[in-house]
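Asker: Here it is, the structure, as structure tokens.
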Amino acid sequence: MILGIDHIAIAVKDLNEAIEKYRKLLGKDPEKVEEVPQEKVRIAMFKLGDVRIELLQGTSPDSSVSKFIEKRGEGIHHIALRVDKVDEEASRLSSEGFKVLYSEARVVSGGERKINFIHPKTTCGVLVEIVERLGVSD
Ligand code: CMX
């Protein structure tokens, strides 16, 4: 089941500079800055009510975020939908004709989140992440 929007992710060239900009824009510090090696990114999460803004920088030239910036420049990279069970949603979406990118959902952030992605070609040009927050109530 889709529970709501978890976060909106913005691809940036320089995470530290982007954090400073968004700290001023939002008037708060990020709740978390971390590397997600499975996705070859460093991220900063700013929590705004129930939704987060995620800033993303690729950590290598073959990172999908680095390739995105190379092709399109900085900007909105994906929208993440919070779900209760990521594997069930991936199966449902796949059976509805959406292209699910990972055959197995990935557990990231020290076991905090389990994620998968839907190819933008099947979602009107927007990369969609589905995310289950494991053992967290907020
Ligand atoms: N949003 C919308 N369109 C995108 C896109 C994005 N984020 N990334 C790529 N595309 C488009 C490209 O513009 C291209 O369109 P055209 O064919 O019209 O030129 C098409 O999709 C294919 O693009 P590509 O450059 O060939 O890119 P790849 O096929 O190599 O990869 C994708 C695209 C979506 C499969 C890949 O980025 C992916 O696997 N993403 C999921 C993982 C991910 O994004 N991880 C980083 C975030 C992790 C996190 O938040 O923790």
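In the structure tokens, chains take letters A, B, ... by order of appearance, with residues numbered from 1 within each chain and ligands from 1 in the order shown.
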Return as JSON lines the residues of chain A lying at most 9 Å from ligand 1, together with the closest atom-to-atom pair for each and the distance in Å to one decimal, counting only C-alpha atoms and all ligand atoms, with rows in chain order and ascending residue number.

Answerer:
{"residue": "A:Ala9", "atom": "CA", "partner": "ligand 1", "partner_atom_place_in_ligand_line": "50 (O)", "distance": 6.8}
{"residue": "A:Ala11", "atom": "CA", "partner": "ligand 1", "partner_atom_place_in_ligand_line": "7 (N)", "distance": 8.5}
{"residue": "A:Glu35", "atom": "CA", "partner": "ligand 1", "partner_atom_place_in_ligand_line": "51 (O)", "distance": 8.8}
{"residue": "A:Val36", "atom": "CA", "partner": "ligand 1", "partner_atom_place_in_ligand_line": "51 (O)", "distance": 6.3}
{"residue": "A:Pro37", "atom": "CA", "partner": "ligand 1", "partner_atom_place_in_ligand_line": "51 (O)", "distance": 8.9}
{"residue": "A:Gln38", "atom": "CA", "partner": "ligand 1", "partner_atom_place_in_ligand_line": "51 (O)", "distance": 8.2}
{"residue": "A:Glu39", "atom": "CA", "partner": "ligand 1", "partner_atom_place_in_ligand_line": "48 (C)", "distance": 5.0}
{"residue": "A:Lys40", "atom": "CA", "partner": "ligand 1", "partner_atom_place_in_ligand_line": "46 (C)", "distance": 7.1}
{"residue": "A:Val41", "atom": "CA", "partner": "ligand 1", "partner_atom_place_in_ligand_line": "48 (C)", "distance": 6.4}
{"residue": "A:Arg42", "atom": "CA", "partner": "ligand 1", "partner_atom_place_in_ligand_line": "51 (O)", "distance": 8.1}
{"residue": "A:Ile43", "atom": "CA", "partner": "ligand 1", "partner_atom_place_in_ligand_line": "51 (O)", "distance": 7.2}
{"residue": "A:Glu54", "atom": "CA", "partner": "ligand 1", "partner_atom_place_in_ligand_line": "50 (O)", "distance": 7.5}
{"residue": "A:Leu55", "atom": "CA", "partner": "ligand 1", "partner_atom_place_in_ligand_line": "50 (O)", "distance": 8.5}
{"residue": "A:Leu56", "atom": "CA", "partner": "ligand 1", "partner_atom_place_in_ligand_line": "50 (O)", "distance": 6.9}
{"residue": "A:Gln57", "atom": "CA", "partner": "ligand 1", "partner_atom_place_in_ligand_line": "46 (C)", "distance": 8.9}
{"residue": "A:Gly58", "atom": "CA", "partner": "ligand 1", "partner_atom_place_in_ligand_line": "46 (C)", "distance": 7.9}
{"residue": "A:Asp62", "atom": "CA", "partner": "ligand 1", "partner_atom_place_in_ligand_line": "30 (O)", "distance": 8.8}
{"residue": "A:Ser63", "atom": "CA", "partner": "ligand 1", "partner_atom_place_in_ligand_line": "46 (C)", "distance": 7.4}
{"residue": "A:Ser64", "atom": "CA", "partner": "ligand 1", "partner_atom_place_in_ligand_line": "37 (O)", "distance": 4.4}
{"residue": "A:Val65", "atom": "CA", "partner": "ligand 1", "partner_atom_place_in_ligand_line": "46 (C)", "distance": 5.7}
{"residue": "A:Lys67", "atom": "CA", "partner": "ligand 1", "partner_atom_place_in_ligand_line": "25 (O)", "distance": 6.3}
{"residue": "A:Phe68", "atom": "CA", "partner": "ligand 1", "partner_atom_place_in_ligand_line": "8 (N)", "distance": 5.5}
{"residue": "A:Lys71", "atom": "CA", "partner": "ligand 1", "partner_atom_place_in_ligand_line": "25 (O)", "distance": 7.1}
{"residue": "A:Arg72", "atom": "CA", "partner": "ligand 1", "partner_atom_place_in_ligand_line": "13 (O)", "distance": 7.3}
{"residue": "A:Ile76", "atom": "CA", "partner": "ligand 1", "partner_atom_place_in_ligand_line": "7 (N)", "distance": 7.6}
{"residue": "A:His77", "atom": "CA", "partner": "ligand 1", "partner_atom_place_in_ligand_line": "7 (N)", "distance": 4.3}
{"residue": "A:His78", "atom": "CA", "partner": "ligand 1", "partner_atom_place_in_ligand_line": "7 (N)", "distance": 5.5}
{"residue": "A:Ala80", "atom": "CA", "partner": "ligand 1", "partner_atom_place_in_ligand_line": "50 (O)", "distance": 8.2}
{"residue": "A:Leu101", "atom": "CA", "partner": "ligand 1", "partner_atom_place_in_ligand_line": "39 (O)", "distance": 6.2}
{"residue": "A:Tyr102", "atom": "CA", "partner": "ligand 1", "partner_atom_place_in_ligand_line": "39 (O)", "distance": 8.0}
{"residue": "A:Val108", "atom": "CA", "partner": "ligand 1", "partner_atom_place_in_ligand_line": "51 (O)", "distance": 7.7}
{"residue": "A:Ser109", "atom": "CA", "partner": "ligand 1", "partner_atom_place_in_ligand_line": "51 (O)", "distance": 8.7}
{"residue": "A:Ile115", "atom": "CA", "partner": "ligand 1", "partner_atom_place_in_ligand_line": "51 (O)", "distance": 8.0}
{"residue": "A:Asn116", "atom": "CA", "partner": "ligand 1", "partner_atom_place_in_ligand_line": "41 (C)", "distance": 7.7}
{"residue": "A:Phe117", "atom": "CA", "partner": "ligand 1", "partner_atom_place_in_ligand_line": "41 (C)", "distance": 5.5}
{"residue": "A:Ile118", "atom": "CA", "partner": "ligand 1", "partner_atom_place_in_ligand_line": "34 (C)", "distance": 7.5}
{"residue": "A:His119", "atom": "CA", "partner": "ligand 1", "partner_atom_place_in_ligand_line": "34 (C)", "distance": 5.2}
{"residue": "A:Pro120", "atom": "CA", "partner": "ligand 1", "partner_atom_place_in_ligand_line": "3 (N)", "distance": 5.1}
{"residue": "A:Lys121", "atom": "CA", "partner": "ligand 1", "partner_atom_place_in_ligand_line": "21 (O)", "distance": 6.4}
{"residue": "A:Thr123", "atom": "CA", "partner": "ligand 1", "partner_atom_place_in_ligand_line": "2 (C)", "distance": 9.0}
{"residue": "A:Cys124", "atom": "CA", "partner": "ligand 1", "partner_atom_place_in_ligand_line": "2 (C)", "distance": 8.6}
{"residue": "A:Gly125", "atom": "CA", "partner": "ligand 1", "partner_atom_place_in_ligand_line": "2 (C)", "distance": 5.0}
{"residue": "A:Val126", "atom": "CA", "partner": "ligand 1", "partner_atom_place_in_ligand_line": "2 (C)", "distance": 4.5}
{"residue": "A:Leu127", "atom": "CA", "partner": "ligand 1", "partner_atom_place_in_ligand_line": "1 (N)", "distance": 4.4}
{"residue": "A:Val128", "atom": "CA", "partner": "ligand 1", "partner_atom_place_in_ligand_line": "1 (N)", "distance": 8.1}
{"residue": "A:Glu129", "atom": "CA", "partner": "ligand 1", "partner_atom_place_in_ligand_line": "50 (O)", "distance": 7.7}

Asker: Would you give me, as a ChimeraX atom specification, the residues in chain A that DSSP reads as strand (DSSP E or B)?

Answerer: /A:2-11,32-36,41-48,51-58,75-83,100,106-108,113-118,127-133

Asker: Please run DSSP on the backbone and report, as a PyMOL selection string, all residues within region 8-138 of chain A that come out as helix (DSSP H, G or I).

Answerer: chain A and resi 15-26+37-39+64-72+86-95+120-122

Asker: Please indicate the distance in Å from CA of Asp87 (chain A) to CA of Ser60 (chain A), rounded to one decimal place.

Answerer: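 CA of Ser60 (chain A) lies 28.2 Å from CA of Asp87 (chain A).
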
Asker: Could you check which of A:Leu3, A:Leu26, A:Ala105, A:Val86 is closest to Leu48 (chain A), using only C-alpha atoms?

Answerer: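 Nearest to Leu48 (chain A): A:Leu26.
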
Asker: For CA of Ile79 (chain A) and CA of Ile8 (chain A), quote the distance in Å rounded to one decimal.

Answerer: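 So the two atoms, CA of Ile79 (chain A) and CA of Ile8 (chain A), lie 4.7 Å apart.
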
Asker: Measuring atom to atom with only C-alpha atoms, identify which of A:Met1, A:Lys47, A:Ser91, A:Thr122 is nearest to Glu104 (chain A).

Answerer: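 Result for the nearest residue to Glu104 (chain A): A:Ser91.
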
Asker: Have a look at A:Arg113, A:Lys99, A:Arg106, A:Lys24 and name the one nearest to Asp6 (chain A); count only C-alpha atoms.

Answerer: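 For Asp6 (chain A), the nearest of the candidates is A:Arg113.
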
Asker: Quick one, how far is CA of Ile69 (chain A) from CA of Gly49 (chain A)?

Answerer: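 Taking CA of Ile69 (chain A) as the start and CA of Gly49 (chain A) as the end point, the length is 28.2 Å.
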
Asker: Set the distance at 6 Å and use only C-alpha atoms: which residues neighbour Val131 (chain A) once local chain neighbours fewer than 6 positions away are removed? I'd like the list as a PDB file with N, CA, C and O atoms, in the first residue's frame.

Answerer:
ATOM      1  N   ARG A  82       6.400   6.425   0.099  1.00  0.00           N
ATOM      2  CA  ARG A  82       6.509   5.540   1.272  1.00  0.00           C
ATOM      3  C   ARG A  82       5.470   4.435   1.151  1.00  0.00           C
ATOM      4  O   ARG A  82       4.301   4.709   0.842  1.00  0.00           O
ATOM      5  N   VAL A  83       5.911   3.201   1.358  1.00  0.00           N
ATOM      6  CA  VAL A  83       5.001   2.053   1.258  1.00  0.00           C
ATOM      7  C   VAL A  83       5.119   1.224   2.532  1.00  0.00           C
ATOM      8  O   VAL A  83       6.108   1.338   3.272  1.00  0.00           O
ATOM      9  N   LYS A 114      14.294   0.109   3.144  1.00  0.00           N
ATOM     10  CA  LYS A 114      14.365  -0.921   2.104  1.00  0.00           C
ATOM     11  C   LYS A 114      13.753  -0.287   0.852  1.00  0.00           C
ATOM     12  O   LYS A 114      12.615   0.209   0.900  1.00  0.00           O
ATOM     13  N   ILE A 115      14.534  -0.301  -0.240  1.00  0.00           N
ATOM     14  CA  ILE A 115      14.131   0.525  -1.385  1.00  0.00           C
ATOM     15  C   ILE A 115      14.137  -0.246  -2.707  1.00  0.00           C
ATOM     16  O   ILE A 115      14.866  -1.218  -2.881  1.00  0.00           O
TER      17      ILE A 115
END
